[in-house]
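Read through the structure below, which is laid out as C-alpha cells, and then see the notes.
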There are 2 protein chains.
Amino acid sequence: MSVTTPTGFRAAGITAGLKASGRPDLALVVNDGPDRCAAAVFTTNRVQAAPVIWSRQVLADQRVDAVILNSGGANACTGPQGFQDTHKTAEVVAELLGISAGDVAVCSTGMIGELLPMDTLLAGCAQVAGELSGDGGPAAAEAIMTTDTVAKTAAYSGPGWSVGGMAKGAGMLAPALATMLVVLTTDAQVAPADLDAALRAATAKTFDRIDSDGCMSTNDTVIALASGASAVPVAPADLEAALTEVCADLALQLIRDAEGAAHDIRIEIDSAATESDALEVGRAIARSNLFKCAIFGNDPNWGRILAAAGTTSAAFDPATIDVSINGVIVCRDSGVGDDRALVDLTGRDVHIVVDLKAGEESATIWTNDLTHDYVHENSAYST
Amino acid sequence: MSVTTPTGFRAAGITAGLKASGRPDLALVVNDGPDRCAAAVFTTNRVQAAPVIWSRQVLADQRVDAVILNSGGANACTGPQGFQDTHKTAEVVAELLGISAGDVAVCSTGMIGELLPMDTLLAGCAQVAGELSGDGGPAAAEAIMTTDTVAKTAAYSGPGWSVGGMAKGAGMLAPALATMLVVLTTDAQVAPADLDAALRAATAKTFDRIDSDGCMSTNDTVIALASGASAVPVAPADLEAALTEVCADLALQLIRDAEGAAHDIRIEIDSAATESDALEVGRAIARSNLFKCAIFGNDPNWGRILAAAGTTSAAFDPATIDVSINGVIVCRDSGVGDDRALVDLTGRDVHIVVDLKAGEESATIWTNDLTHDYVHENSAYST
C-alpha cells in the first residue's frame, strides 16, 4: 500500500546525496493518466518556501503530471535564487519525462535557510526518473523522511478503484498542516472540482487536527493526483470518505512518530456549543507545554487542562467543566473528581475527554507529550 | 530592598507546614497607613482560583489593609469549598489584626485542584501575624517561593519616598502575567485612581511582556499598596516610572529564574507598523518550541524565527525581514545573511532583533529556552 497502489502511477526513491547521513533523499511520483487531475492544500504560513510558491502556480490549472520531492533541505527563506532552483528542478524533471515544467509540482523538506546543492539534486533527478516503476511507492516514501523513524504509507481499496498515499513529518506539526509532505494517488475517475473538495474536506478533519508542537511549517503540502486509470467513476461522497480514511491513517502515523514522543494523546472535547469552540479548546490544551510535560511524567495533572481551557474564548461556564483521563473522571464541575491515583498513564495511548456542558458539538485533536527527546532532537537538529 | 523598604509596612514569612519540603510557605504584608490605598491586576484566565475571585472583590473599594499569601497550594479548581477556605483565611487574618475581612487580600500558589489543609493554614496565620515586623520583607519574599530557586525583591528610592516589591514565579509564565504573585508597596501619597493607572501602565510594559512557556496561570495577582507614610505627594508620572522600574526589575528576575532555563532571550521587534504588531510577532517567536530548543542547543536556527513570524497577522512583507542574533545579521530580506557560524550563543544572554521594515514601532518580549530541565521539572512537579 503506497502511492503506486492505484493503477496509472509510477514512483521511485533514491539517494541523491542531499543528506549528510547518506539516506535516501529524492522521490518522484508520476501520473501516467489517462487523467492528470490534481488538487492540493498548502501551509497557511505567510513565510512560504520556494517549492510551495511554485507548486501553487502549478496547481492553478488542476493538472499535475509529476511530483518531485526532496528531503535534506527545505529551500525556504532562500530568496530569488531558491525560487530559480525550484523552477530549474521542475524543468529538468519535465525534460526527463517529456512533459511540461508547468505540470511538475515540487516539494522540499529539511533545514530552512539553505540553498540546495543543485548539481547534486539535478543529477539525482536523472537517476530517480530512470528508476520509476509501478511498485516504487515504498521507496518514494522512504526518500522523503527527515527525522521520521519510519516511512509512512496508507491505502484504501474501493470496488474497482483505490487510493494510495505517503507522508513525511515528525516535528513542526501544527494546524494548518504540519512540516509535512503528503502525496495521495487514486485511479478513480473524478472531476477536478470534486477532487479538490474531497481533499479539503479530508485534510480539515485529519491533518488539520494533529498538533504536535504548535509550530507551523513553511513547506507543508498535500497533493492529490487522480489518474482515472480504473475507468470507474466515483461519487464525490465516496471519494471524500476514501481520502479521509487514508489521510486519517497517515495523520495518526505522523503523531505516533512525532519527535521524541512517548505518549500519543487524543483530546476529545464534548458538549461544545460549536465545533469551532471544541477545536479551540482542544488546540489550547494540545499546545500547553505544562500539560504535555505532565503526561510525559505519567502525571494526571488535570489542573493544567483547565488552565489551558481557560485561555480560550469558547462558550462554557468555567465552574462546570468535567475532565476524564483514560476513563477516570478526575475533575467534576471544575473541581476535584475521582481519585487521580486511579489513572494509569503507563501506556502509550492517552485519552482526554473534556466535557464543556455547553452544547452538542464535539471535536478531537491529536497531540503528543513534550519529552527530553523532543528537546534533544530539536536542539541538535542543525548542528 | 523589599516590601518593607517603604515606611508604613510590616511583613513576615514563616513555615506553616503546607509544603512537603518544609520550606517557608506563608507570608503576610500589612499596610499600617495612614492611607490604605490599593490597586491590583489579575490573571485574564477564565478559570480563576478562589483567592483571585475573593481578592478581586476586596479590591473593589480600592482599599487593602493586608495581604496573606501562601505557597504549597493554588486553591484553584476547588469549587465552593475552596472559596469558603479563602474567605475563612481572610476572616482569621482580619481578626488577628483587628481589621475587616473585606480589606484582606488573599493569594495562593502551588498545585491546582487540591484543597488547602485549613487547620495548618489557619494555625500558620496566627504565627505569621505574631512575627510581623518592619524588616520582615525578605522573609515574606522567601515564603512565597514555589519552584523559584531564589527569592525576588526589588526597590526604588525617590526623594523622600520609595517603592518596594517582591515576586514569585518560575513556570507558567505568559501574558497576561504569569504564575506569579507580586506585592508592591509604596509610602508615596497617591490617589487610588492614580495608583491604579500607574500599576496598569507598569505591568503592561513589564510583566505582560515576559513569556516563559506560553502557559497562563489561574492565580496571577499583582497588588500595589500605598501607605502615604512618607507624607510626600507624588506626581502620577513619577509614580508610574517608579513602579515600572520595580516591575521591570522583578520581571527580569522571574525570567532569569524560569524553570530549567539555560538562556535568557530578549526578542526585540523593530520597524513594526504598530506596537501591537511588534508584540504579536515577538510573542509568536517566544512561543515557538522549535526556536526555544534551538537556542538551548546554541544553534542560531533563524529559519524557525521566520516560520514563527509567518504565523502572525502583523503587517510585513514575508520576503524582506532581517534577523540578527547576538549582533550577527544571519538573515537579510528573509534569505541567508551573514555566516551563522559567527553567532556566539554560549553565554546566558541572547538578543534577537527582528526588523519587519513595516513602520516605526517596536516592542520587546522576554523569554527563555526550552530545556531538558524544563521538561524534567514539569513532568515531576506533582509526583
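Here's how to read the names in the C-alpha cells: chain A, B, ... by the order shown, residue numbers from 1 in each chain, ligand numbers from 1 in the order shown.
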Residue set, stretch 112-321 of chain A restricted to helix (DSSP H, G or I), as a PyMOL selection string
chain A and resi 118-130+137-143+192-205+207-209+236-256+275-286+289-296+303-309
If you count only C-alpha atoms, which residues fall within 7 Å of A:Thr4, apart from same-chain ones fewer than 5 positions away, as a list in words?
Phe9, Arg10, Ala11, Gly134, Asp135, Gly136, Gly137 and Gly164 of chain A
I need the residues from that last selection saved to file as a CSV table (one decimal), in the first residue's frame (with all heavy atoms), if you can.
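Contents of out-v3.csv, freshly written:
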chain,number,residue,atom,x,y,z
A,9,PHE,N,0.1,4.9,-11.9
A,9,PHE,CA,1.1,5.7,-11.3
A,9,PHE,C,2.5,4.9,-11.2
A,9,PHE,O,2.5,3.7,-11.1
A,9,PHE,CB,0.8,6.0,-9.8
A,9,PHE,CG,-0.4,7.0,-9.8
A,9,PHE,CD1,-1.7,6.5,-9.6
A,9,PHE,CD2,-0.2,8.3,-9.9
A,9,PHE,CE1,-2.8,7.4,-9.6
A,9,PHE,CE2,-1.3,9.2,-9.9
A,9,PHE,CZ,-2.6,8.7,-9.7
A,10,ARG,N,3.5,5.6,-11.4
A,10,ARG,CA,4.9,5.1,-11.2
A,10,ARG,C,5.6,6.0,-10.2
A,10,ARG,O,5.2,7.1,-10.0
A,10,ARG,CB,5.7,5.0,-12.5
A,10,ARG,CG,5.3,4.0,-13.5
A,10,ARG,CD,6.0,4.1,-14.8
A,10,ARG,NE,5.8,5.4,-15.4
A,10,ARG,CZ,6.7,6.0,-16.1
A,10,ARG,NH1,7.9,5.5,-16.3
A,10,ARG,NH2,6.4,7.2,-16.7
A,11,ALA,N,6.5,5.4,-9.4
A,11,ALA,CA,7.2,6.2,-8.4
A,11,ALA,C,8.6,5.6,-8.3
A,11,ALA,O,8.9,4.5,-8.7
A,11,ALA,CB,6.5,6.2,-7.1
A,134,GLY,N,6.2,0.7,-11.3
A,134,GLY,CA,4.8,0.6,-10.8
A,134,GLY,C,4.8,0.1,-9.4
A,134,GLY,O,3.7,0.0,-8.7
A,135,ASP,N,5.9,-0.3,-8.8
A,135,ASP,CA,6.0,-0.7,-7.4
A,135,ASP,C,7.0,0.1,-6.6
A,135,ASP,O,7.6,-0.3,-5.7
A,135,ASP,CB,6.2,-2.2,-7.2
A,135,ASP,CG,7.4,-2.6,-7.9
A,135,ASP,OD1,8.2,-1.8,-8.5
A,135,ASP,OD2,7.7,-3.9,-8.0
A,136,GLY,N,7.2,1.4,-7.1
A,136,GLY,CA,8.2,2.3,-6.5
A,136,GLY,C,7.7,3.1,-5.3
A,136,GLY,O,8.4,3.9,-4.7
A,137,GLY,N,6.4,2.9,-4.9
A,137,GLY,CA,5.8,3.7,-3.9
A,137,GLY,C,6.6,3.6,-2.6
A,137,GLY,O,6.9,4.7,-1.9
A,164,GLY,N,-4.0,5.6,-2.7
A,164,GLY,CA,-2.8,5.3,-2.0
A,164,GLY,C,-2.2,6.6,-1.5
A,164,GLY,O,-2.6,7.7,-1.9
Mind checking which residues fall within 9 Å of B:Gly327, counting only C-alpha atoms, ignoring those fewer than 3 positions away in the same chain, and posting them as a PyMOL selection string?
chain B and resi 324+330+343+351-353
Write out the residues from the selection above, keeping N, CA, C and O atoms, as a PDB file, in the first residue's frame.
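What landed in again10.pdb:
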ATOM      1  N   SER B 324      18.721  39.475  13.338  1.00  0.00           N
ATOM      2  CA  SER B 324      20.067  39.336  13.890  1.00  0.00           C
ATOM      3  C   SER B 324      19.999  38.568  15.198  1.00  0.00           C
ATOM      4  O   SER B 324      19.015  38.635  15.934  1.00  0.00           O
ATOM      5  N   VAL B 330      22.013  37.292  10.603  1.00  0.00           N
ATOM      6  CA  VAL B 330      22.038  35.964   9.980  1.00  0.00           C
ATOM      7  C   VAL B 330      21.022  35.830   8.852  1.00  0.00           C
ATOM      8  O   VAL B 330      21.102  34.904   8.033  1.00  0.00           O
ATOM      9  N   VAL B 343      27.805  33.463  15.086  1.00  0.00           N
ATOM     10  CA  VAL B 343      26.962  33.734  16.255  1.00  0.00           C
ATOM     11  C   VAL B 343      27.465  32.951  17.470  1.00  0.00           C
ATOM     12  O   VAL B 343      27.619  31.734  17.403  1.00  0.00           O
ATOM     13  N   HIS B 351      20.154  37.913  22.396  1.00  0.00           N
ATOM     14  CA  HIS B 351      19.443  39.095  21.909  1.00  0.00           C
ATOM     15  C   HIS B 351      19.060  38.878  20.447  1.00  0.00           C
ATOM     16  O   HIS B 351      19.913  38.816  19.571  1.00  0.00           O
ATOM     17  N   ILE B 352      17.766  38.731  20.222  1.00  0.00           N
ATOM     18  CA  ILE B 352      17.237  38.560  18.871  1.00  0.00           C
ATOM     19  C   ILE B 352      16.661  39.906  18.420  1.00  0.00           C
ATOM     20  O   ILE B 352      15.908  40.527  19.165  1.00  0.00           O
ATOM     21  N   VAL B 353      17.001  40.357  17.245  1.00  0.00           N
ATOM     22  CA  VAL B 353      16.373  41.551  16.688  1.00  0.00           C
ATOM     23  C   VAL B 353      15.736  41.174  15.354  1.00  0.00           C
ATOM     24  O   VAL B 353      16.402  40.640  14.464  1.00  0.00           O
TER      25      VAL B 353
END
So how many Å separate atom CA of A:Arg209 and atom CA of A:Asp338, to one decimal?
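Calculated distance between atom CA of A:Arg209 and atom CA of A:Asp338 is 29.2 Å.
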I'd like to know which of A:Ala261, A:Val104, A:Ala90, A:Met216 is closest to chain B, using only C-alpha atoms.
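Once distances to chain B are computed over only C-alpha atoms, the minimum belongs to A:Met216.
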